[in-house]
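Participant: So that we are looking at the same thing, I have put the structure below in structure tokens.
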Amino acid sequence: GAVVSQHPSRVICKSGTSVKIECRSLDFQATTMFWYRQFPKQSLMLMATSNEGSKATYEQGVEKDKFLINHASLTLSTLTVTSAHPEDSSFYICSARDPSGLADGELFFGEGSRLTVL
Amino acid sequence: DAKTTQPPSMDCAEGRAANLPCNHSTISGNEYVYWYRQIHSQGPQYIIHGLKNNETNEMASLIITEDRKSSTLILPHATLRDTAVYYCIVRTTGANSKLTFGKGITLSVRP
């Protein structure tokens, strides 16, 4: 299947700093990418939908100024956690749609990025 | 998107078939049934999907009832590496259709 890669896989930062996570579709062009967050022992929670060349659509309760999403190309979307605090520590996962798949494009997930804010 | 309900957990013996049920009684005619799984600390992995016909691939089989209100994911010969959280999701079609995850079912494969 298609490959989606995230970087970094793990990051530790100090409170108040900003952290950028990259999501790349390696062998297909993804017009739409999705960002999820997962706290321990919980399910994935959708944060936002990212469309190439336009502003991201955020889910209710997700602060757009806190979680900056940029989807500047068909193979790269970035999530920047600004002024990170310990409560932002989580597992962040992206997914990308391969438009060549069935059912309006299959969704493939990255490996996830574990953020720890000290 | 329609909601799904799954038991919280189940286990099975290694080498036996694992049958994972899912109820989606409010599914719409244009919604597909998708199954993903998540092994600890990894991103979800696509398993299989279907609309109304039964489907089979190298990983699993998907059996959808005639009224489409429920489905069963079958792992024919479970291995220890199949231990994971399995998510049954129904999804609308469309360029921006989203995958909304429920709590899933934790499958534990025992030796």
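We name chains A, B, ... following the order of the structure tokens; residues begin at 1 in each chain, and ligands are numbered from 1 as shown.
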At a cut-off of 9 Å, list the chain B residues touching chain A, using only C-alpha atoms, as a list in words.

Facilitator: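 So the contacting residues turn out to be Tyr32, Ser41, Gln42, Gly43, Pro44, Gln45, Tyr46, Thr92, Thr93, Gly94, Ala95, Asn96, Ser97, Lys98, Leu99, Thr100, Phe101, Gly102, Lys103 and Gly104 of chain B.
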
Participant: Using only N, CA, C and O atoms, please write the residues we just selected to a file, as a short mmCIF file (atom, residue, chain, number, x, y, z; two decimals), in the first residue's frame.

Facilitator:
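Writing the result to again31.cif gives the following:
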```cif
data_model
loop_
_atom_site.label_atom_id
_atom_site.label_comp_id
_atom_site.auth_asym_id
_atom_site.auth_seq_id
_atom_site.Cartn_x
_atom_site.Cartn_y
_atom_site.Cartn_z
N TYR B 32 -19.37 3.20 3.39
CA TYR B 32 -18.59 1.98 3.39
C TYR B 32 -18.26 1.58 4.83
O TYR B 32 -18.19 2.41 5.72
N SER B 41 1.45 1.92 20.02
CA SER B 41 2.40 2.98 19.69
C SER B 41 2.75 3.07 18.21
O SER B 41 3.84 3.52 17.84
N GLN B 42 1.84 2.62 17.36
CA GLN B 42 2.02 2.77 15.92
C GLN B 42 0.80 3.46 15.32
O GLN B 42 -0.24 3.58 15.97
N GLY B 43 0.92 3.92 14.09
CA GLY B 43 -0.22 4.48 13.39
C GLY B 43 -1.17 3.37 12.96
O GLY B 43 -0.78 2.22 12.84
N PRO B 44 -2.44 3.70 12.75
CA PRO B 44 -3.40 2.69 12.31
C PRO B 44 -3.01 2.09 10.96
O PRO B 44 -2.42 2.76 10.11
N GLN B 45 -3.38 0.84 10.79
CA GLN B 45 -3.10 0.11 9.56
C GLN B 45 -4.41 -0.29 8.91
O GLN B 45 -5.28 -0.87 9.56
N TYR B 46 -4.54 0.02 7.64
CA TYR B 46 -5.74 -0.38 6.90
C TYR B 46 -5.79 -1.90 6.78
O TYR B 46 -4.79 -2.55 6.51
N THR B 92 -18.52 8.14 4.94
CA THR B 92 -19.15 8.65 3.73
C THR B 92 -18.10 8.77 2.64
O THR B 92 -16.90 8.85 2.91
N THR B 93 -18.54 8.79 1.43
CA THR B 93 -17.64 9.04 0.31
C THR B 93 -17.50 10.54 0.11
O THR B 93 -18.24 11.32 0.70
N GLY B 94 -16.55 10.93 -0.69
CA GLY B 94 -16.32 12.36 -0.91
C GLY B 94 -14.89 12.71 -0.61
O GLY B 94 -14.24 12.06 0.21
N ALA B 95 -14.42 13.76 -1.25
CA ALA B 95 -13.01 14.11 -1.16
C ALA B 95 -12.57 14.40 0.27
O ALA B 95 -11.44 14.14 0.65
N ASN B 96 -13.42 14.99 1.05
CA ASN B 96 -13.05 15.34 2.42
C ASN B 96 -13.68 14.44 3.46
O ASN B 96 -13.74 14.80 4.63
N SER B 97 -14.16 13.28 3.05
CA SER B 97 -14.78 12.40 4.03
C SER B 97 -13.76 11.96 5.06
O SER B 97 -12.62 11.64 4.74
N LYS B 98 -14.18 11.95 6.31
CA LYS B 98 -13.26 11.74 7.41
C LYS B 98 -13.40 10.34 7.99
O LYS B 98 -14.43 9.70 7.84
N LEU B 99 -12.37 9.89 8.63
CA LEU B 99 -12.43 8.68 9.43
C LEU B 99 -12.57 9.09 10.89
O LEU B 99 -11.69 9.74 11.43
N THR B 100 -13.68 8.73 11.49
CA THR B 100 -13.90 9.05 12.89
C THR B 100 -13.77 7.76 13.68
O THR B 100 -14.53 6.81 13.48
N PHE B 101 -12.80 7.73 14.58
CA PHE B 101 -12.50 6.51 15.34
C PHE B 101 -13.33 6.44 16.61
O PHE B 101 -13.44 7.41 17.35
N GLY B 102 -13.90 5.26 16.86
CA GLY B 102 -14.51 4.98 18.14
C GLY B 102 -13.47 4.36 19.06
O GLY B 102 -12.26 4.55 18.87
N LYS B 103 -13.94 3.61 20.02
CA LYS B 103 -13.01 3.03 21.00
C LYS B 103 -12.37 1.74 20.49
O LYS B 103 -11.35 1.31 21.01
N GLY B 104 -12.98 1.11 19.51
CA GLY B 104 -12.41 -0.10 18.96
C GLY B 104 -12.55 -1.29 19.89
O GLY B 104 -13.08 -1.20 21.00
#
```

Participant: Please report the interatomic distance between atom CA of Gly15 of chain B and atom CA of Asp82 of chain B in Å with one decimal.

Facilitator: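 Taking atom CA of Gly15 of chain B and atom CA of Asp82 of chain B, their separation equals 10.7 Å.
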
Participant: Please provide the set of residues having any atom within 8 Å of Ile74 of chain B, restricted to only C-alpha atoms, with same-chain residues fewer than 5 positions apart removed, written as a PyMOL selection string.

Facilitator: chain B and resi 17-20+60-63

Participant: Include all heavy atoms and write out the residues we just selected as an mmCIF file, in the first residue's frame.

Facilitator:
```cif
data_model
loop_
_atom_site.group_PDB
_atom_site.id
_atom_site.type_symbol
_atom_site.label_atom_id
_atom_site.label_comp_id
_atom_site.auth_asym_id
_atom_site.auth_seq_id
_atom_site.Cartn_x
_atom_site.Cartn_y
_atom_site.Cartn_z
ATOM 1 N N ALA B 17 -9.334 -18.894 14.288
ATOM 2 C CA ALA B 17 -9.929 -17.725 13.642
ATOM 3 C C ALA B 17 -10.412 -16.738 14.696
ATOM 4 O O ALA B 17 -10.960 -17.124 15.726
ATOM 5 C CB ALA B 17 -11.087 -18.157 12.750
ATOM 6 N N ALA B 18 -10.214 -15.479 14.415
ATOM 7 C CA ALA B 18 -10.727 -14.404 15.274
ATOM 8 C C ALA B 18 -11.857 -13.717 14.521
ATOM 9 O O ALA B 18 -11.658 -13.250 13.397
ATOM 10 C CB ALA B 18 -9.622 -13.408 15.612
ATOM 11 N N ASN B 19 -13.035 -13.700 15.146
ATOM 12 C CA ASN B 19 -14.207 -13.075 14.540
ATOM 13 C C ASN B 19 -14.568 -11.832 15.339
ATOM 14 O O ASN B 19 -15.024 -11.924 16.480
ATOM 15 C CB ASN B 19 -15.403 -14.045 14.535
ATOM 16 C CG ASN B 19 -15.107 -15.287 13.715
ATOM 17 O OD1 ASN B 19 -14.633 -15.200 12.589
ATOM 18 N ND2 ASN B 19 -15.368 -16.450 14.281
ATOM 19 N N LEU B 20 -14.375 -10.673 14.750
ATOM 20 C CA LEU B 20 -14.592 -9.407 15.448
ATOM 21 C C LEU B 20 -15.890 -8.772 14.939
ATOM 22 O O LEU B 20 -15.984 -8.398 13.777
ATOM 23 C CB LEU B 20 -13.415 -8.456 15.214
ATOM 24 C CG LEU B 20 -12.115 -8.755 15.950
ATOM 25 C CD1 LEU B 20 -11.449 -10.028 15.448
ATOM 26 C CD2 LEU B 20 -11.167 -7.584 15.841
ATOM 27 N N ALA B 60 -7.518 -10.446 5.756
ATOM 28 C CA ALA B 60 -8.751 -10.764 6.465
ATOM 29 C C ALA B 60 -9.922 -10.904 5.498
ATOM 30 O O ALA B 60 -9.794 -10.649 4.306
ATOM 31 C CB ALA B 60 -9.047 -9.648 7.471
ATOM 32 N N SER B 61 -11.057 -11.305 6.086
ATOM 33 C CA SER B 61 -12.314 -11.322 5.360
ATOM 34 C C SER B 61 -13.303 -10.418 6.084
ATOM 35 O O SER B 61 -13.262 -10.304 7.311
ATOM 36 C CB SER B 61 -12.890 -12.741 5.272
ATOM 37 O OG SER B 61 -12.052 -13.574 4.500
ATOM 38 N N LEU B 62 -14.162 -9.798 5.313
ATOM 39 C CA LEU B 62 -15.188 -8.926 5.868
ATOM 40 C C LEU B 62 -16.539 -9.467 5.433
ATOM 41 O O LEU B 62 -16.797 -9.591 4.224
ATOM 42 C CB LEU B 62 -15.002 -7.492 5.371
ATOM 43 C CG LEU B 62 -16.080 -6.482 5.760
ATOM 44 C CD1 LEU B 62 -16.183 -6.353 7.269
ATOM 45 C CD2 LEU B 62 -15.790 -5.124 5.120
ATOM 46 N N ILE B 63 -17.360 -9.772 6.419
ATOM 47 C CA ILE B 63 -18.699 -10.279 6.151
ATOM 48 C C ILE B 63 -19.696 -9.206 6.569
ATOM 49 O O ILE B 63 -19.717 -8.790 7.733
ATOM 50 C CB ILE B 63 -18.991 -11.573 6.933
ATOM 51 C CG1 ILE B 63 -17.876 -12.607 6.710
ATOM 52 C CG2 ILE B 63 -20.358 -12.127 6.546
ATOM 53 C CD1 ILE B 63 -17.724 -13.046 5.268
#
```

Participant: Could you go through chain A and tell me which residues DSSP, when run on the backbone, assigns to strand (DSSP E or B), listing them as a PDB file with N, CA and C atoms, in the first residue's frame?

Facilitator:
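In the end it all went to part_9.pdb:
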```pdb
ATOM      1  N   VAL A   4       3.025   6.617   4.087  1.00  0.00           N
ATOM      2  CA  VAL A   4       2.996   7.936   4.687  1.00  0.00           C
ATOM      3  C   VAL A   4       4.045   7.954   5.795  1.00  0.00           C
ATOM      4  N   SER A   5       4.871   8.967   5.779  1.00  0.00           N
ATOM      5  CA  SER A   5       5.970   9.037   6.738  1.00  0.00           C
ATOM      6  C   SER A   5       5.862  10.276   7.595  1.00  0.00           C
ATOM      7  N   GLN A   6       6.115  10.124   8.877  1.00  0.00           N
ATOM      8  CA  GLN A   6       6.123  11.255   9.788  1.00  0.00           C
ATOM      9  C   GLN A   6       7.514  11.449  10.376  1.00  0.00           C
ATOM     10  N   HIS A   7       7.798  12.726  10.661  1.00  0.00           N
ATOM     11  CA  HIS A   7       9.083  13.031  11.283  1.00  0.00           C
ATOM     12  C   HIS A   7       8.933  14.254  12.169  1.00  0.00           C
ATOM     13  N   ARG A  10       9.807  10.847  17.616  1.00  0.00           N
ATOM     14  CA  ARG A  10       9.739  11.232  19.026  1.00  0.00           C
ATOM     15  C   ARG A  10      10.382  12.595  19.179  1.00  0.00           C
ATOM     16  N   VAL A  11       9.783  13.408  20.015  1.00  0.00           N
ATOM     17  CA  VAL A  11      10.373  14.708  20.288  1.00  0.00           C
ATOM     18  C   VAL A  11      10.057  15.092  21.726  1.00  0.00           C
ATOM     19  N   ILE A  12      11.086  15.610  22.380  1.00  0.00           N
ATOM     20  CA  ILE A  12      10.939  16.123  23.738  1.00  0.00           C
ATOM     21  C   ILE A  12      11.311  17.599  23.697  1.00  0.00           C
ATOM     22  N   CYS A  13      10.475  18.423  24.271  1.00  0.00           N
ATOM     23  CA  CYS A  13      10.773  19.847  24.242  1.00  0.00           C
ATOM     24  C   CYS A  13      10.422  20.482  25.583  1.00  0.00           C
ATOM     25  N   VAL A  19       6.992  23.186  18.333  1.00  0.00           N
ATOM     26  CA  VAL A  19       7.470  21.939  17.738  1.00  0.00           C
ATOM     27  C   VAL A  19       6.759  21.715  16.413  1.00  0.00           C
ATOM     28  N   LYS A  20       7.522  21.368  15.388  1.00  0.00           N
ATOM     29  CA  LYS A  20       6.942  21.094  14.074  1.00  0.00           C
ATOM     30  C   LYS A  20       7.034  19.608  13.765  1.00  0.00           C
ATOM     31  N   ILE A  21       5.937  19.063  13.298  1.00  0.00           N
ATOM     32  CA  ILE A  21       5.880  17.656  12.887  1.00  0.00           C
ATOM     33  C   ILE A  21       5.550  17.622  11.402  1.00  0.00           C
ATOM     34  N   GLU A  22       6.295  16.823  10.658  1.00  0.00           N
ATOM     35  CA  GLU A  22       6.072  16.718   9.212  1.00  0.00           C
ATOM     36  C   GLU A  22       5.382  15.414   8.855  1.00  0.00           C
ATOM     37  N   CYS A  23       4.542  15.504   7.851  1.00  0.00           N
ATOM     38  CA  CYS A  23       3.847  14.327   7.329  1.00  0.00           C
ATOM     39  C   CYS A  23       4.020  14.320   5.820  1.00  0.00           C
ATOM     40  N   ARG A  24       4.600  13.260   5.301  1.00  0.00           N
ATOM     41  CA  ARG A  24       4.864  13.169   3.869  1.00  0.00           C
ATOM     42  C   ARG A  24       4.214  11.939   3.258  1.00  0.00           C
ATOM     43  N   SER A  25       3.618  12.122   2.093  1.00  0.00           N
ATOM     44  CA  SER A  25       3.164  10.981   1.308  1.00  0.00           C
ATOM     45  C   SER A  25       4.296  10.652   0.347  1.00  0.00           C
ATOM     46  N   THR A  32      -5.519  15.798   0.288  1.00  0.00           N
ATOM     47  CA  THR A  32      -6.106  15.936   1.619  1.00  0.00           C
ATOM     48  C   THR A  32      -5.316  15.124   2.627  1.00  0.00           C
ATOM     49  N   MET A  33      -4.988  15.748   3.726  1.00  0.00           N
ATOM     50  CA  MET A  33      -4.336  15.059   4.839  1.00  0.00           C
ATOM     51  C   MET A  33      -5.113  15.362   6.115  1.00  0.00           C
ATOM     52  N   PHE A  34      -5.041  14.451   7.048  1.00  0.00           N
ATOM     53  CA  PHE A  34      -5.756  14.607   8.309  1.00  0.00           C
ATOM     54  C   PHE A  34      -4.767  14.479   9.467  1.00  0.00           C
ATOM     55  N   TRP A  35      -5.003  15.266  10.494  1.00  0.00           N
ATOM     56  CA  TRP A  35      -4.174  15.187  11.691  1.00  0.00           C
ATOM     57  C   TRP A  35      -5.012  14.717  12.872  1.00  0.00           C
ATOM     58  N   TYR A  36      -4.471  13.724  13.595  1.00  0.00           N
ATOM     59  CA  TYR A  36      -5.127  13.156  14.763  1.00  0.00           C
ATOM     60  C   TYR A  36      -4.220  13.316  15.978  1.00  0.00           C
ATOM     61  N   ARG A  37      -4.864  13.246  17.138  1.00  0.00           N
ATOM     62  CA  ARG A  37      -4.127  13.237  18.392  1.00  0.00           C
ATOM     63  C   ARG A  37      -4.660  12.062  19.212  1.00  0.00           C
ATOM     64  N   GLN A  38      -3.767  11.406  19.933  1.00  0.00           N
ATOM     65  CA  GLN A  38      -4.181  10.255  20.720  1.00  0.00           C
ATOM     66  C   GLN A  38      -3.510  10.307  22.081  1.00  0.00           C
ATOM     67  N   MET A  45      -8.334  11.055  18.019  1.00  0.00           N
ATOM     68  CA  MET A  45      -9.258  12.159  17.910  1.00  0.00           C
ATOM     69  C   MET A  45      -8.832  13.039  16.738  1.00  0.00           C
ATOM     70  N   LEU A  46      -9.736  13.244  15.797  1.00  0.00           N
ATOM     71  CA  LEU A  46      -9.422  14.078  14.648  1.00  0.00           C
ATOM     72  C   LEU A  46      -9.268  15.523  15.077  1.00  0.00           C
ATOM     73  N   MET A  47      -8.166  16.134  14.656  1.00  0.00           N
ATOM     74  CA  MET A  47      -7.915  17.534  14.989  1.00  0.00           C
ATOM     75  C   MET A  47      -8.311  18.450  13.842  1.00  0.00           C
ATOM     76  N   ALA A  48      -7.872  18.083  12.644  1.00  0.00           N
ATOM     77  CA  ALA A  48      -8.100  18.980  11.509  1.00  0.00           C
ATOM     78  C   ALA A  48      -7.929  18.249  10.196  1.00  0.00           C
ATOM     79  N   THR A  49      -8.539  18.843   9.185  1.00  0.00           N
ATOM     80  CA  THR A  49      -8.413  18.367   7.809  1.00  0.00           C
ATOM     81  C   THR A  49      -7.600  19.393   7.046  1.00  0.00           C
ATOM     82  N   SER A  50      -6.594  18.933   6.359  1.00  0.00           N
ATOM     83  CA  SER A  50      -5.666  19.807   5.667  1.00  0.00           C
ATOM     84  C   SER A  50      -5.773  19.597   4.166  1.00  0.00           C
ATOM     85  N   ASN A  51      -6.107  20.642   3.456  1.00  0.00           N
ATOM     86  CA  ASN A  51      -6.187  20.566   2.004  1.00  0.00           C
ATOM     87  C   ASN A  51      -5.074  21.384   1.371  1.00  0.00           C
ATOM     88  N   THR A  57      -9.183  22.916   7.991  1.00  0.00           N
ATOM     89  CA  THR A  57     -10.471  22.937   8.684  1.00  0.00           C
ATOM     90  C   THR A  57     -10.299  22.231  10.006  1.00  0.00           C
ATOM     91  N   TYR A  58     -10.549  22.946  11.091  1.00  0.00           N
ATOM     92  CA  TYR A  58     -10.321  22.399  12.418  1.00  0.00           C
ATOM     93  C   TYR A  58     -11.605  21.836  13.007  1.00  0.00           C
ATOM     94  N   PHE A  67      -2.423  25.028  17.103  1.00  0.00           N
ATOM     95  CA  PHE A  67      -1.980  23.936  16.234  1.00  0.00           C
ATOM     96  C   PHE A  67      -2.029  24.437  14.789  1.00  0.00           C
ATOM     97  N   LEU A  68      -0.875  24.915  14.331  1.00  0.00           N
ATOM     98  CA  LEU A  68      -0.792  25.488  12.989  1.00  0.00           C
ATOM     99  C   LEU A  68      -0.546  24.392  11.969  1.00  0.00           C
ATOM    100  N   ILE A  69      -1.378  24.357  10.958  1.00  0.00           N
ATOM    101  CA  ILE A  69      -1.247  23.345   9.925  1.00  0.00           C
ATOM    102  C   ILE A  69      -0.992  24.007   8.593  1.00  0.00           C
ATOM    103  N   ASN A  70       0.036  23.499   7.911  1.00  0.00           N
ATOM    104  CA  ASN A  70       0.388  24.004   6.592  1.00  0.00           C
ATOM    105  C   ASN A  70       0.471  22.838   5.626  1.00  0.00           C
ATOM    106  N   HIS A  71      -0.172  22.989   4.482  1.00  0.00           N
ATOM    107  CA  HIS A  71      -0.171  21.920   3.479  1.00  0.00           C
ATOM    108  C   HIS A  71       0.243  22.544   2.157  1.00  0.00           C
ATOM    109  N   ALA A  72       1.527  22.877   2.076  1.00  0.00           N
ATOM    110  CA  ALA A  72       2.015  23.690   0.975  1.00  0.00           C
ATOM    111  C   ALA A  72       2.246  22.912  -0.310  1.00  0.00           C
ATOM    112  N   SER A  73       2.361  21.611  -0.215  1.00  0.00           N
ATOM    113  CA  SER A  73       2.561  20.823  -1.425  1.00  0.00           C
ATOM    114  C   SER A  73       1.712  19.563  -1.354  1.00  0.00           C
ATOM    115  N   LEU A  76       3.382  17.069   1.303  1.00  0.00           N
ATOM    116  CA  LEU A  76       3.844  17.471   2.624  1.00  0.00           C
ATOM    117  C   LEU A  76       2.817  18.318   3.355  1.00  0.00           C
ATOM    118  N   SER A  77       2.516  17.913   4.581  1.00  0.00           N
ATOM    119  CA  SER A  77       1.728  18.726   5.496  1.00  0.00           C
ATOM    120  C   SER A  77       2.496  18.815   6.801  1.00  0.00           C
ATOM    121  N   THR A  78       2.439  19.964   7.443  1.00  0.00           N
ATOM    122  CA  THR A  78       3.136  20.122   8.718  1.00  0.00           C
ATOM    123  C   THR A  78       2.160  20.571   9.792  1.00  0.00           C
ATOM    124  N   LEU A  79       2.413  20.085  10.993  1.00  0.00           N
ATOM    125  CA  LEU A  79       1.663  20.495  12.179  1.00  0.00           C
ATOM    126  C   LEU A  79       2.652  21.128  13.139  1.00  0.00           C
ATOM    127  N   THR A  80       2.401  22.361  13.510  1.00  0.00           N
ATOM    128  CA  THR A  80       3.253  23.043  14.473  1.00  0.00           C
ATOM    129  C   THR A  80       2.468  23.263  15.750  1.00  0.00           C
ATOM    130  N   VAL A  81       2.967  22.700  16.828  1.00  0.00           N
ATOM    131  CA  VAL A  81       2.378  22.932  18.144  1.00  0.00           C
ATOM    132  C   VAL A  81       3.082  24.150  18.726  1.00  0.00           C
ATOM    133  N   SER A  90       1.382  14.183  23.699  1.00  0.00           N
ATOM    134  CA  SER A  90       0.435  13.240  23.084  1.00  0.00           C
ATOM    135  C   SER A  90       1.106  12.538  21.925  1.00  0.00           C
ATOM    136  N   PHE A  91       0.376  11.630  21.327  1.00  0.00           N
ATOM    137  CA  PHE A  91       0.796  10.926  20.124  1.00  0.00           C
ATOM    138  C   PHE A  91       0.047  11.566  18.960  1.00  0.00           C
ATOM    139  N   TYR A  92       0.780  12.176  18.044  1.00  0.00           N
ATOM    140  CA  TYR A  92       0.171  12.875  16.917  1.00  0.00           C
ATOM    141  C   TYR A  92       0.344  12.023  15.661  1.00  0.00           C
ATOM    142  N   ILE A  93      -0.744  11.816  14.957  1.00  0.00           N
ATOM    143  CA  ILE A  93      -0.739  10.916  13.803  1.00  0.00           C
ATOM    144  C   ILE A  93      -1.361  11.631  12.607  1.00  0.00           C
ATOM    145  N   CYS A  94      -0.732  11.489  11.473  1.00  0.00           N
ATOM    146  CA  CYS A  94      -1.323  12.065  10.267  1.00  0.00           C
ATOM    147  C   CYS A  94      -1.799  10.946   9.354  1.00  0.00           C
ATOM    148  N   SER A  95      -2.708  11.282   8.489  1.00  0.00           N
ATOM    149  CA  SER A  95      -3.110  10.347   7.441  1.00  0.00           C
ATOM    150  C   SER A  95      -3.279  11.117   6.148  1.00  0.00           C
ATOM    151  N   ALA A  96      -3.109  10.405   5.064  1.00  0.00           N
ATOM    152  CA  ALA A  96      -3.203  11.027   3.748  1.00  0.00           C
ATOM    153  C   ALA A  96      -4.050  10.147   2.849  1.00  0.00           C
ATOM    154  N   ARG A  97      -4.743  10.822   1.961  1.00  0.00           N
ATOM    155  CA  ARG A  97      -5.631  10.109   1.042  1.00  0.00           C
ATOM    156  C   ARG A  97      -4.927   9.890  -0.276  1.00  0.00           C
ATOM    157  N   ASP A  98      -4.927   8.625  -0.703  1.00  0.00           N
ATOM    158  CA  ASP A  98      -4.419   8.294  -2.027  1.00  0.00           C
ATOM    159  C   ASP A  98      -5.599   8.326  -2.987  1.00  0.00           C
ATOM    160  N   GLU A 106      -8.160   5.819  -0.662  1.00  0.00           N
ATOM    161  CA  GLU A 106      -7.850   5.159   0.592  1.00  0.00           C
ATOM    162  C   GLU A 106      -7.068   6.092   1.496  1.00  0.00           C
ATOM    163  N   LEU A 107      -7.245   5.915   2.801  1.00  0.00           N
ATOM    164  CA  LEU A 107      -6.510   6.691   3.789  1.00  0.00           C
ATOM    165  C   LEU A 107      -5.398   5.835   4.377  1.00  0.00           C
ATOM    166  N   PHE A 108      -4.185   6.379   4.348  1.00  0.00           N
ATOM    167  CA  PHE A 108      -3.047   5.693   4.923  1.00  0.00           C
ATOM    168  C   PHE A 108      -2.454   6.554   6.023  1.00  0.00           C
ATOM    169  N   PHE A 109      -1.955   5.897   7.050  1.00  0.00           N
ATOM    170  CA  PHE A 109      -1.512   6.598   8.238  1.00  0.00           C
ATOM    171  C   PHE A 109       0.001   6.582   8.376  1.00  0.00           C
ATOM    172  N   SER A 113       3.914  10.522  15.810  1.00  0.00           N
ATOM    173  CA  SER A 113       4.979  11.305  16.441  1.00  0.00           C
ATOM    174  C   SER A 113       4.617  11.517  17.902  1.00  0.00           C
ATOM    175  N   ARG A 114       5.491  11.053  18.772  1.00  0.00           N
ATOM    176  CA  ARG A 114       5.201  11.183  20.199  1.00  0.00           C
ATOM    177  C   ARG A 114       5.862  12.438  20.737  1.00  0.00           C
ATOM    178  N   LEU A 115       5.040  13.345  21.196  1.00  0.00           N
ATOM    179  CA  LEU A 115       5.526  14.613  21.745  1.00  0.00           C
ATOM    180  C   LEU A 115       5.454  14.574  23.260  1.00  0.00           C
ATOM    181  N   THR A 116       6.576  14.905  23.880  1.00  0.00           N
ATOM    182  CA  THR A 116       6.628  15.034  25.329  1.00  0.00           C
ATOM    183  C   THR A 116       7.089  16.437  25.658  1.00  0.00           C
ATOM    184  N   VAL A 117       6.265  17.161  26.390  1.00  0.00           N
ATOM    185  CA  VAL A 117       6.598  18.533  26.775  1.00  0.00           C
ATOM    186  C   VAL A 117       6.936  18.543  28.262  1.00  0.00           C
TER     187      VAL A 117
END
```

Participant: Could you jot down the atom CA of Val109 of chain B to atom CA of Thr4 of chain B separation for me, Å, one decimal place?

Facilitator: 23.1 Å

Participant: How far is it from atom CA of Ile27 of chain B to atom CA of Ser100 of chain A, in Å with one decimal?

Facilitator: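 Distance reported for this atom pair: 24.7 Å.
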
Participant: Find, counting only C-alpha atoms, the residue in A:Asp27, A:Glu59, A:Phe39, A:Gly16 that gets nearest to Ser89 of chain A.

Facilitator: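 Closest residue, counting only C-alpha atoms: A:Phe39.
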